[in-house]
>>> print(open('model_20.cif').read())   # mmCIF, C-alpha atoms and all ligand atoms
data_entry
#
loop_
_atom_site.label_atom_id
_atom_site.label_comp_id
_atom_site.auth_asym_id
_atom_site.auth_seq_id
_atom_site.Cartn_x
_atom_site.Cartn_y
_atom_site.Cartn_z
CA MET I 111 60.68 0.49 -7.17
CA ASN I 112 59.52 4.11 -7.45
CA THR I 113 59.99 5.74 -4.04
CA LYS I 114 59.12 9.26 -5.18
CA PRO I 115 56.06 10.72 -3.48
CA PRO I 116 53.15 11.67 -5.76
CA VAL I 117 53.50 15.12 -7.29
CA ILE I 118 50.14 16.12 -5.78
CA GLU I 119 48.36 14.32 -2.96
CA VAL I 120 45.06 15.70 -1.70
CA GLU I 121 43.51 13.64 1.10
CA GLN I 122 39.96 13.93 2.42
CA VAL I 123 39.77 17.69 1.96
CA ASN I 124 36.67 19.53 3.14
CA LEU I 125 36.26 23.24 2.54
CA PHE I 126 33.44 25.66 3.32
CA GLN I 127 32.94 29.17 1.94
CA ASN I 128 30.43 31.39 3.76
CA GLY I 129 29.15 28.33 5.59
CA HIS I 130 28.47 26.41 2.36
CA PRO I 131 30.41 23.24 1.47
CA VAL I 132 32.49 23.81 -1.68
CA LEU I 133 34.71 20.71 -1.49
CA GLU I 134 33.54 17.61 0.32
CA ASP I 135 35.80 14.67 1.16
CA VAL I 136 37.98 15.35 -1.89
CA SER I 137 40.99 13.08 -2.47
CA LEU I 138 43.19 13.27 -5.54
CA THR I 139 46.58 11.81 -6.45
CA VAL I 140 48.60 13.07 -9.42
CA ASN I 141 51.87 11.36 -10.34
CA GLU I 142 54.87 12.61 -12.30
CA HIS I 143 54.31 13.26 -16.02
CA GLU I 144 50.55 12.76 -15.84
CA PHE I 145 48.32 15.10 -17.82
CA HIS I 146 45.37 15.24 -15.46
CA ALA I 147 42.17 17.03 -16.49
CA ILE I 148 39.70 18.10 -13.81
CA ILE I 149 36.31 18.73 -15.36
CA GLY I 150 33.05 19.83 -13.80
CA PRO I 151 30.20 22.31 -14.13
CA ASN I 152 30.50 26.06 -13.42
CA GLY I 153 30.67 26.61 -9.68
CA GLY I 154 31.61 22.95 -9.09
CA GLY I 155 34.77 23.84 -7.15
CA LYS I 156 37.47 23.47 -9.84
CA THR I 157 39.22 26.81 -9.21
CA THR I 158 38.90 26.33 -5.44
CA LEU I 159 40.56 22.90 -5.71
CA LEU I 160 43.45 24.39 -7.73
CA LYS I 161 43.87 27.12 -5.10
CA VAL I 162 43.91 24.50 -2.34
CA ILE I 163 46.67 22.62 -4.20
CA LEU I 164 48.60 25.88 -4.62
CA GLY I 165 48.26 26.63 -0.90
CA LEU I 166 46.33 29.86 -1.62
CA ILE I 167 43.30 28.59 0.34
CA ARG I 168 43.57 26.41 3.46
CA PRO I 169 41.05 23.58 3.65
CA ASP I 170 38.94 23.25 6.81
CA SER I 171 40.12 19.66 7.13
CA GLY I 172 42.24 17.18 5.22
CA THR I 173 45.80 17.42 3.90
CA VAL I 174 47.54 18.61 0.74
CA ARG I 175 51.08 17.62 -0.18
CA VAL I 176 53.07 18.72 -3.19
CA MET I 177 56.08 16.52 -4.00
CA GLY I 178 55.98 15.31 -0.41
CA GLY I 179 56.05 18.81 1.16
CA THR I 180 53.58 21.55 1.96
CA PRO I 181 52.30 23.63 -0.98
CA HIS I 182 54.00 26.66 0.60
CA ALA I 183 57.40 24.94 0.86
CA MET I 184 57.10 23.63 -2.70
CA ARG I 185 55.68 26.77 -4.32
CA ALA I 186 58.73 27.29 -6.55
CA HIS I 187 57.87 23.99 -8.26
CA LEU I 188 54.32 25.07 -9.07
CA GLY I 189 53.45 27.07 -12.18
CA TYR I 190 49.95 28.56 -12.10
CA VAL I 191 48.00 29.86 -15.09
CA PRO I 192 44.91 31.57 -13.64
CA GLN I 193 41.77 32.18 -15.65
CA PHE I 194 42.32 34.50 -18.60
CA ARG I 195 39.81 37.05 -17.28
CA THR I 196 41.97 37.73 -14.18
CA PHE I 197 44.64 39.44 -16.35
CA ASP I 198 44.50 43.13 -17.26
CA PHE I 199 45.65 43.16 -20.88
CA GLN I 200 45.36 46.95 -21.06
CA PHE I 201 48.40 47.23 -18.80
CA PRO I 202 51.14 49.02 -20.83
CA ILE I 203 53.82 46.30 -20.91
CA SER I 204 55.38 44.19 -23.64
CA VAL I 205 54.99 40.42 -24.06
CA GLU I 206 58.59 39.99 -22.84
CA ASP I 207 57.91 42.07 -19.69
CA MET I 208 54.86 39.96 -18.96
CA VAL I 209 56.75 36.69 -19.40
CA VAL I 210 59.75 37.78 -17.34
CA SER I 211 57.39 38.79 -14.50
CA GLY I 212 56.97 35.02 -14.01
CA ARG I 213 60.49 35.10 -12.48
CA LEU I 214 59.49 37.44 -9.64
CA GLY I 215 58.69 34.52 -7.32
CA HIS I 216 62.30 33.37 -7.75
CA LEU I 217 63.87 36.60 -6.51
CA ASP I 218 65.34 35.77 -3.10
CA SER I 219 65.40 39.45 -2.13
CA PRO I 220 63.13 42.33 -3.16
CA PHE I 221 66.35 44.25 -3.90
CA ARG I 222 67.79 41.72 -6.36
CA ARG I 223 67.41 42.79 -9.97
CA LEU I 224 66.47 40.41 -12.73
CA SER I 225 69.61 38.58 -13.86
CA HIS I 226 70.67 37.00 -17.13
CA VAL I 227 69.37 33.69 -15.68
CA ASP I 228 65.90 35.25 -15.39
CA ARG I 229 66.13 36.66 -18.93
CA GLU I 230 67.26 33.29 -20.31
CA ALA I 231 64.37 31.51 -18.56
CA ALA I 232 61.94 34.01 -20.12
CA ASP I 233 63.55 33.54 -23.56
CA GLU I 234 63.21 29.77 -23.26
CA ALA I 235 59.55 30.05 -22.17
CA MET I 236 58.74 32.36 -25.12
CA ALA I 237 60.44 29.93 -27.51
CA THR I 238 58.48 26.98 -26.05
CA MET I 239 55.20 28.84 -26.47
CA GLU I 240 56.24 30.05 -29.97
CA ILE I 241 55.89 33.76 -29.17
CA THR I 242 59.51 34.96 -29.45
CA HIS I 243 58.57 37.04 -32.50
CA LEU I 244 56.02 38.92 -30.35
CA ARG I 245 58.41 39.84 -27.53
CA ASP I 246 58.38 43.61 -28.13
CA ARG I 247 54.66 43.88 -28.85
CA PRO I 248 52.40 45.50 -26.23
CA ILE I 249 50.15 42.87 -24.63
CA HIS I 250 47.02 44.85 -25.57
CA ASP I 251 47.99 44.55 -29.21
CA ILE I 252 48.09 40.74 -29.67
CA SER I 253 45.34 38.21 -30.39
CA GLY I 254 43.45 36.10 -27.83
CA GLY I 255 45.40 32.95 -28.73
CA GLU I 256 48.71 34.86 -28.49
CA ARG I 257 47.73 36.27 -25.09
CA GLN I 258 46.90 32.78 -23.91
CA ARG I 259 50.36 31.56 -24.95
CA ALA I 260 51.95 34.60 -23.25
CA ILE I 261 50.32 33.88 -19.87
CA ILE I 262 51.42 30.26 -20.08
CA ALA I 263 54.96 31.37 -21.00
CA ARG I 264 54.88 33.59 -17.89
CA ALA I 265 54.18 30.49 -15.75
CA LEU I 266 56.88 28.48 -17.60
CA ALA I 267 59.48 31.20 -16.96
CA GLY I 268 59.43 30.07 -13.33
CA LYS I 269 60.65 26.62 -14.52
CA PRO I 270 57.94 24.68 -12.69
CA SER I 271 57.78 20.91 -12.24
CA VAL I 272 53.99 21.08 -12.23
CA LEU I 273 51.85 23.32 -14.42
CA LEU I 274 48.31 24.04 -13.17
CA LEU I 275 45.99 25.69 -15.71
CA ASP I 276 42.53 27.10 -15.04
CA GLU I 277 40.22 27.08 -18.10
CA PRO I 278 43.05 27.74 -20.59
CA THR I 279 41.01 27.24 -23.76
CA VAL I 280 37.91 29.18 -22.81
CA TYR I 281 38.49 32.17 -25.13
CA VAL I 282 40.12 30.46 -28.12
CA ASP I 283 38.73 28.81 -31.23
CA SER I 284 39.17 25.08 -31.75
CA PRO I 285 42.20 25.19 -34.16
CA THR I 286 44.00 27.41 -31.60
CA ALA I 287 43.02 25.03 -28.78
CA GLU I 288 44.37 22.07 -30.80
CA ARG I 289 47.70 23.81 -31.36
CA PHE I 290 47.82 24.70 -27.69
CA TYR I 291 47.22 21.06 -26.71
CA ASP I 292 50.09 20.00 -28.98
CA ILE I 293 52.36 22.32 -27.00
CA LEU I 294 51.04 20.92 -23.69
CA SER I 295 51.71 17.36 -24.88
CA ARG I 296 55.33 18.31 -25.55
CA LEU I 297 55.58 19.97 -22.13
CA ARG I 298 54.43 16.77 -20.44
CA GLU I 299 57.78 15.20 -21.35
CA THR I 300 59.39 17.47 -18.75
CA MET I 301 56.58 18.29 -16.32
CA THR I 302 53.27 17.22 -14.82
CA ILE I 303 50.16 19.02 -16.04
CA VAL I 304 46.88 19.61 -14.24
CA LEU I 305 44.19 21.43 -16.21
CA VAL I 306 40.68 22.39 -15.11
CA THR I 307 37.88 23.06 -17.54
CA HIS I 308 34.09 23.03 -17.71
CA ASP I 309 34.28 22.32 -21.46
CA ILE I 310 34.56 18.57 -21.84
CA THR I 311 34.20 18.75 -25.61
CA ALA I 312 37.54 20.59 -25.84
CA LEU I 313 39.71 18.06 -24.00
CA SER I 314 43.00 16.91 -25.49
CA PRO I 315 43.21 13.23 -26.47
CA ASP I 316 46.63 13.28 -24.76
CA VAL I 317 45.05 13.69 -21.33
CA THR I 318 46.08 10.65 -19.24
CA HIS I 319 43.64 10.93 -16.31
CA ILE I 320 40.29 12.63 -15.81
CA SER I 321 38.56 13.66 -12.60
CA CYS I 322 35.16 15.24 -12.36
CA VAL I 323 34.39 17.66 -9.51
CA ASN I 324 31.10 19.03 -8.32
CA ARG I 325 31.76 19.52 -4.60
CA ARG I 326 32.74 15.83 -4.50
CA LEU I 327 35.42 14.42 -6.80
CA PHE I 328 35.13 11.38 -9.03
CA THR I 329 38.32 10.04 -10.66
CA HIS I 330 38.76 7.69 -13.55
CA HIS I 331 42.26 6.28 -13.89
CA ASP I 332 42.51 6.65 -17.62
CA ASN I 333 41.49 9.29 -20.11
CA GLN I 334 37.88 8.29 -20.62
CA ILE I 335 34.90 10.24 -19.34
CA THR I 336 32.39 7.73 -18.05
CA GLU I 337 28.66 8.15 -17.73
CA GLU I 338 28.99 7.44 -13.99
CA MET I 339 31.44 10.34 -13.50
CA ILE I 340 29.32 12.83 -15.38
CA THR I 341 26.05 11.74 -13.84
CA GLY I 342 27.69 11.79 -10.39
CA ALA I 343 29.25 15.22 -10.84
CA TYR I 344 26.75 17.03 -13.05
CA HIS I 345 23.67 15.48 -11.41
CA CYS I 346 22.05 14.99 -14.76
CA PRO I 347 21.68 12.12 -17.21
CA VAL I 348 24.27 12.13 -19.98
CA ASP I 349 24.73 10.23 -23.22
CA LEU I 350 28.40 9.72 -24.02
CA ILE I 351 29.68 9.21 -27.53
CA ALA I 352 33.43 8.52 -27.64
CA HIS I 353 35.46 9.23 -30.79
CA GLY I 354 38.98 9.34 -29.35
CA ILE I 355 38.30 12.89 -28.21
CA PRO I 356 35.43 12.52 -25.75
CA HIS I 357 32.13 14.05 -26.81
CA ARG I 358 28.98 14.25 -24.80
CA VAL I 359 25.40 15.24 -25.03
CA ILE I 360 23.71 16.50 -21.90
CA PRO I 361 19.94 16.32 -22.14
CA ASP I 362 17.70 18.64 -20.10
CA HIS I 363 18.41 18.51 -16.38
CA ASP I 364 16.11 16.26 -14.45
CA ASN I 365 15.30 18.45 -11.45
CA ARG I 366 14.52 15.41 -9.32
CA VAL I 367 18.17 14.37 -9.72
CA PHE I 368 19.61 17.90 -9.82
CA GLY I 369 18.16 19.11 -6.51
CA GLY I 370 21.47 18.52 -4.62
CA ARG I 371 23.12 22.00 -4.84
N1 LIG W 401 35.73 33.43 -1.73
C1 LIG W 401 34.55 32.84 -1.83
N2 LIG W 401 33.53 33.18 -1.01
C2 LIG W 401 32.33 32.57 -1.08
N3 LIG W 401 32.03 31.58 -1.96
C3 LIG W 401 33.01 31.22 -2.80
C4 LIG W 401 34.30 31.81 -2.79
N4 LIG W 401 35.06 31.21 -3.73
C5 LIG W 401 34.27 30.31 -4.34
N5 LIG W 401 33.04 30.30 -3.77
C6 LIG W 401 31.92 29.43 -4.16
O1 LIG W 401 32.41 28.11 -4.24
C7 LIG W 401 31.82 27.42 -5.33
C8 LIG W 401 32.90 26.88 -6.25
O2 LIG W 401 33.56 27.97 -6.90
P1 LIG W 401 34.75 27.74 -7.93
O3 LIG W 401 35.15 29.08 -8.46
O4 LIG W 401 35.79 26.91 -7.30
O5 LIG W 401 34.01 26.89 -9.06
P2 LIG W 401 34.50 26.53 -10.53
O6 LIG W 401 34.15 25.10 -10.72
O7 LIG W 401 35.90 26.93 -10.73
O8 LIG W 401 33.54 27.45 -11.40
P3 LIG W 401 33.77 28.18 -12.83
O9 LIG W 401 33.81 27.08 -13.85
O10 LIG W 401 32.54 29.03 -12.93
O11 LIG W 401 35.02 28.99 -12.73
C9 LIG W 401 30.88 28.40 -6.01
O12 LIG W 401 29.59 28.17 -5.52
C10 LIG W 401 31.40 29.75 -5.55
O13 LIG W 401 30.35 30.69 -5.49
#
>>> encode(input="model_20.cif", output="structure tokens", more="lines below")
Ligand SMILES: Nc1ncnc2c1ncn2[C@@H]1O[C@H](COP(=O)(O)OP(=O)(O)OP(=O)(O)O)[C@@H](O)[C@H]1O
Amino acid sequence: MNTKPPVIEVEQVNLFQNGHPVLEDVSLTVNEHEFHAIIGPNGGGKTTLLKVILGLIRPDSGTVRVMGGTPHAMRAHLGYVPQFRTFDFQFPISVEDMVVSGRLGHLDSPFRRLSHVDREAADEAMATMEITHLRDRPIHDISGGERQRAIIARALAGKPSVLLLDEPTVYVDSPTAERFYDILSRLRETMTIVLVTHDITALSPDVTHISCVNRRLFTHHDNQITEEMITGAYHCPVDLIAHGIPHRVIPDHDNRVFGGR
């Protein structure tokens, strides 16, 4: 019998921002080695939900547990890849400097210098993300796909058990996204992956579970996007055409249905 607690357990979370509900009665369970995609429209609450899981935002009610503990106590197990646009790629550092900065959360004292253990973890992360050959290049001087792999390597340098990614494929073309998903599928052998995206056409076929969030959360316990989930979360009628990789067509919004937000 598996007695391990779920990797992530969100129970009946409600959260308001400026008096407006952003998450309403949200519950989500993610188990070890799942590749869980959270989809939903812009402004649906995807980033907020990730920040609640990370312990960066406290919900107004409900509970969040990470590997049975509080997000704060378990933060060393969490690797976070924020949205691409939050990084300043004009900053004058090399790819290696950027990746090794992912070790800073592991320094037990502000006076401890980076050790060979930190350097080795950064080397391993660069090898995993296939960017070792770029290590000395300035981050402003590499392509969008290479930058994307560098920010993920930075999260991997912390040796997380869970990798949480916010819109990781938003600035890359589809061959680059496919290569990136191959790497994520390999990573799932050693960690749990949670990915949020508004782009449901770009989802990996290796995703094991899909949830759809638009203030409320709808979960489907396999990797199919159902019409119910999309209609419930996007508040619009949707025709779904499945070809292994889910595809969808969203007709014009019906304002009578859409009026909710
Ligand atoms: N700090 C904040 N103060 C006020 N409102 C906020 C704050 N953070 C988020 N919101 C609001 O909460 C809602 C959800 O935002 P969130 O960024 O979580 O959505 P999202 O699904 O990640 O969107 P996107 O796909 O555009 O990144 C939005 O209406 C947003 O304006």
>>> closest_residue(input="model_20.cif", among="I:Val205, I:Val304, I:Val162, I:Met236", to="ligand LIG 401 (chain W)", atoms="only C-alpha atoms and all ligand atoms")
I:Val162
>>> residues_near_ligand(input="model_20.cif", ligand="ligand LIG 401 (chain W)", cutoff="10 Å", atoms="all atoms listed in the file", output="PDB file with C-alpha atoms, in the frame of the given file")
ATOM      1  CA  LEU I 125      36.260  23.240   2.540  1.00  0.00           C
ATOM      2  CA  PHE I 126      33.440  25.660   3.320  1.00  0.00           C
ATOM      3  CA  GLN I 127      32.940  29.170   1.940  1.00  0.00           C
ATOM      4  CA  ASN I 128      30.430  31.390   3.760  1.00  0.00           C
ATOM      5  CA  GLY I 129      29.150  28.330   5.590  1.00  0.00           C
ATOM      6  CA  HIS I 130      28.470  26.410   2.360  1.00  0.00           C
ATOM      7  CA  PRO I 131      30.410  23.240   1.470  1.00  0.00           C
ATOM      8  CA  VAL I 132      32.490  23.810  -1.680  1.00  0.00           C
ATOM      9  CA  LEU I 133      34.710  20.710  -1.490  1.00  0.00           C
ATOM     10  CA  ILE I 148      39.700  18.100 -13.810  1.00  0.00           C
ATOM     11  CA  ILE I 149      36.310  18.730 -15.360  1.00  0.00           C
ATOM     12  CA  GLY I 150      33.050  19.830 -13.800  1.00  0.00           C
ATOM     13  CA  PRO I 151      30.200  22.310 -14.130  1.00  0.00           C
ATOM     14  CA  ASN I 152      30.500  26.060 -13.420  1.00  0.00           C
ATOM     15  CA  GLY I 153      30.670  26.610  -9.680  1.00  0.00           C
ATOM     16  CA  GLY I 154      31.610  22.950  -9.090  1.00  0.00           C
ATOM     17  CA  GLY I 155      34.770  23.840  -7.150  1.00  0.00           C
ATOM     18  CA  LYS I 156      37.470  23.470  -9.840  1.00  0.00           C
ATOM     19  CA  THR I 157      39.220  26.810  -9.210  1.00  0.00           C
ATOM     20  CA  THR I 158      38.900  26.330  -5.440  1.00  0.00           C
ATOM     21  CA  LEU I 159      40.560  22.900  -5.710  1.00  0.00           C
ATOM     22  CA  LEU I 160      43.450  24.390  -7.730  1.00  0.00           C
ATOM     23  CA  LYS I 161      43.870  27.120  -5.100  1.00  0.00           C
ATOM     24  CA  VAL I 162      43.910  24.500  -2.340  1.00  0.00           C
ATOM     25  CA  ILE I 167      43.300  28.590   0.340  1.00  0.00           C
ATOM     26  CA  GLN I 193      41.770  32.180 -15.650  1.00  0.00           C
ATOM     27  CA  ASP I 276      42.530  27.100 -15.040  1.00  0.00           C
ATOM     28  CA  GLU I 277      40.220  27.080 -18.100  1.00  0.00           C
ATOM     29  CA  VAL I 306      40.680  22.390 -15.110  1.00  0.00           C
ATOM     30  CA  THR I 307      37.880  23.060 -17.540  1.00  0.00           C
ATOM     31  CA  HIS I 308      34.090  23.030 -17.710  1.00  0.00           C
ATOM     32  CA  ASP I 309      34.280  22.320 -21.460  1.00  0.00           C
ATOM     33  CA  VAL I 323      34.390  17.660  -9.510  1.00  0.00           C
ATOM     34  CA  ASN I 324      31.100  19.030  -8.320  1.00  0.00           C
ATOM     35  CA  ARG I 325      31.760  19.520  -4.600  1.00  0.00           C
ATOM     36  CA  ARG I 371      23.120  22.000  -4.840  1.00  0.00           C
TER      37      ARG I 371
END
>>> residues_around(input="model_20.cif", residues="Arg247 of chain I", least_positions_apart="6", cutoff="12 Å", atoms="only C-alpha atoms", output="NGL selection string")
:I and (202-208 or 241 or 253 or 256-257 or 260)
>>> residues_around(input="model_20.cif", residues="Pro181 of chain I", least_positions_apart="5", cutoff="7 Å", atoms="all atoms listed in the file", output="list in words")
Ile163, Leu164, Gly165, Arg175 and Val176 of chain I
>>> write_last_selection(input="model_20.cif", atoms="C-alpha atoms", output="PDB file, in the coordinates of the input")
ATOM      1  CA  ILE I 163      46.670  22.620  -4.200  1.00  0.00           C
ATOM      2  CA  LEU I 164      48.600  25.880  -4.620  1.00  0.00           C
ATOM      3  CA  GLY I 165      48.260  26.630  -0.900  1.00  0.00           C
ATOM      4  CA  ARG I 175      51.080  17.620  -0.180  1.00  0.00           C
ATOM      5  CA  VAL I 176      53.070  18.720  -3.190  1.00  0.00           C
TER       6      VAL I 176
END
>>> atom_distance(input="model_20.cif", atom1="atom CA of Val317 of chain I", atom2="atom CA of Glu144 of chain I")
7.8 Å
>>> residues_around(input="model_20.cif", residues="Gln200 of chain I", least_positions_apart="5", cutoff="10 Å", atoms="all atoms listed in the file", output="PDB file with C-alpha atoms, in the frame of the given file")
ATOM      1  CA  PRO I 248      52.400  45.500 -26.230  1.00  0.00           C
ATOM      2  CA  ILE I 249      50.150  42.870 -24.630  1.00  0.00           C
ATOM      3  CA  HIS I 250      47.020  44.850 -25.570  1.00  0.00           C
ATOM      4  CA  ASP I 251      47.990  44.550 -29.210  1.00  0.00           C
TER       5      ASP I 251
END
>>> decode(input="model_20.cif", residues="segment 183-256 of chain I", atoms="C-alpha atoms", output="PDB file, in the first residue's frame")
ATOM      1  CA  ALA I 183       8.615  23.951   5.008  1.00  0.00           C
ATOM      2  CA  MET I 184       8.875  22.051   1.717  1.00  0.00           C
ATOM      3  CA  ARG I 185      10.152  24.905  -0.453  1.00  0.00           C
ATOM      4  CA  ALA I 186      13.497  23.207  -1.133  1.00  0.00           C
ATOM      5  CA  HIS I 187      11.578  20.454  -2.940  1.00  0.00           C
ATOM      6  CA  LEU I 188       9.813  22.894  -5.263  1.00  0.00           C
ATOM      7  CA  GLY I 189      11.374  24.130  -8.494  1.00  0.00           C
ATOM      8  CA  TYR I 190       9.571  27.120 -10.015  1.00  0.00           C
ATOM      9  CA  VAL I 191       9.885  28.348 -13.590  1.00  0.00           C
ATOM     10  CA  PRO I 192       8.040  31.689 -13.695  1.00  0.00           C
ATOM     11  CA  GLN I 193       6.725  33.210 -16.897  1.00  0.00           C
ATOM     12  CA  PHE I 194       9.469  34.043 -19.377  1.00  0.00           C
ATOM     13  CA  ARG I 195       8.581  37.748 -19.370  1.00  0.00           C
ATOM     14  CA  THR I 196       9.511  38.082 -15.669  1.00  0.00           C
ATOM     15  CA  PHE I 197      13.230  37.570 -16.496  1.00  0.00           C
ATOM     16  CA  ASP I 198      15.526  40.433 -17.492  1.00  0.00           C
ATOM     17  CA  PHE I 199      17.655  38.901 -20.238  1.00  0.00           C
ATOM     18  CA  GLN I 200      19.650  42.121 -20.642  1.00  0.00           C
ATOM     19  CA  PHE I 201      21.304  41.452 -17.287  1.00  0.00           C
ATOM     20  CA  PRO I 202      25.066  41.003 -17.962  1.00  0.00           C
ATOM     21  CA  ILE I 203      25.560  37.412 -16.774  1.00  0.00           C
ATOM     22  CA  SER I 204      26.475  34.152 -18.476  1.00  0.00           C
ATOM     23  CA  VAL I 205      24.195  31.136 -18.905  1.00  0.00           C
ATOM     24  CA  GLU I 206      26.219  29.322 -16.220  1.00  0.00           C
ATOM     25  CA  ASP I 207      25.800  32.230 -13.750  1.00  0.00           C
ATOM     26  CA  MET I 208      22.073  32.204 -14.364  1.00  0.00           C
ATOM     27  CA  VAL I 209      21.788  28.451 -13.837  1.00  0.00           C
ATOM     28  CA  VAL I 210      23.936  28.412 -10.700  1.00  0.00           C
ATOM     29  CA  SER I 211      21.761  31.194  -9.218  1.00  0.00           C
ATOM     30  CA  GLY I 212      19.143  28.432  -8.843  1.00  0.00           C
ATOM     31  CA  ARG I 213      21.288  27.163  -5.932  1.00  0.00           C
ATOM     32  CA  LEU I 214      20.883  30.349  -3.891  1.00  0.00           C
ATOM     33  CA  GLY I 215      17.825  28.976  -2.065  1.00  0.00           C
ATOM     34  CA  HIS I 216      20.032  26.118  -0.836  1.00  0.00           C
ATOM     35  CA  LEU I 217      22.603  28.334   0.874  1.00  0.00           C
ATOM     36  CA  ASP I 218      22.053  27.837   4.600  1.00  0.00           C
ATOM     37  CA  SER I 219      23.844  31.105   5.382  1.00  0.00           C
ATOM     38  CA  PRO I 220      24.135  34.327   3.373  1.00  0.00           C
ATOM     39  CA  PHE I 221      27.887  34.104   4.064  1.00  0.00           C
ATOM     40  CA  ARG I 222      28.380  30.637   2.566  1.00  0.00           C
ATOM     41  CA  ARG I 223      29.954  30.734  -0.871  1.00  0.00           C
ATOM     42  CA  LEU I 224      28.857  28.486  -3.698  1.00  0.00           C
ATOM     43  CA  SER I 225      30.565  25.113  -3.268  1.00  0.00           C
ATOM     44  CA  HIS I 226      31.587  22.393  -5.698  1.00  0.00           C
ATOM     45  CA  VAL I 227      28.245  20.704  -4.863  1.00  0.00           C
ATOM     46  CA  ASP I 228      26.424  23.796  -6.173  1.00  0.00           C
ATOM     47  CA  ARG I 229      28.622  23.882  -9.299  1.00  0.00           C
ATOM     48  CA  GLU I 230      28.042  20.172  -9.929  1.00  0.00           C
ATOM     49  CA  ALA I 231      24.263  20.614  -9.578  1.00  0.00           C
ATOM     50  CA  ALA I 232      24.400  23.469 -12.117  1.00  0.00           C
ATOM     51  CA  ASP I 233      26.529  21.346 -14.486  1.00  0.00           C
ATOM     52  CA  GLU I 234      24.039  18.488 -14.255  1.00  0.00           C
ATOM     53  CA  ALA I 235      21.086  20.835 -14.886  1.00  0.00           C
ATOM     54  CA  MET I 236      22.802  22.337 -17.961  1.00  0.00           C
ATOM     55  CA  ALA I 237      23.526  18.839 -19.288  1.00  0.00           C
ATOM     56  CA  THR I 238      19.888  17.780 -18.747  1.00  0.00           C
ATOM     57  CA  MET I 239      18.626  20.833 -20.621  1.00  0.00           C
ATOM     58  CA  GLU I 240      21.300  20.361 -23.343  1.00  0.00           C
ATOM     59  CA  ILE I 241      22.867  23.808 -22.893  1.00  0.00           C
ATOM     60  CA  THR I 242      26.345  22.922 -21.593  1.00  0.00           C
ATOM     61  CA  HIS I 243      27.883  24.270 -24.812  1.00  0.00           C
ATOM     62  CA  LEU I 244      26.288  27.673 -24.058  1.00  0.00           C
ATOM     63  CA  ARG I 245      27.620  28.007 -20.505  1.00  0.00           C
ATOM     64  CA  ASP I 246      29.944  30.965 -21.173  1.00  0.00           C
ATOM     65  CA  ARG I 247      27.567  32.846 -23.464  1.00  0.00           C
ATOM     66  CA  PRO I 248      25.880  36.022 -22.149  1.00  0.00           C
ATOM     67  CA  ILE I 249      22.157  35.399 -21.622  1.00  0.00           C
ATOM     68  CA  HIS I 250      21.262  38.337 -23.894  1.00  0.00           C
ATOM     69  CA  ASP I 251      23.081  36.617 -26.733  1.00  0.00           C
ATOM     70  CA  ILE I 252      21.152  33.307 -26.986  1.00  0.00           C
ATOM     71  CA  SER I 253      17.917  32.395 -28.760  1.00  0.00           C
ATOM     72  CA  GLY I 254      14.417  32.295 -27.225  1.00  0.00           C
ATOM     73  CA  GLY I 255      14.402  28.484 -27.079  1.00  0.00           C
ATOM     74  CA  GLU I 256      17.880  28.469 -25.463  1.00  0.00           C
TER      75      GLU I 256
END
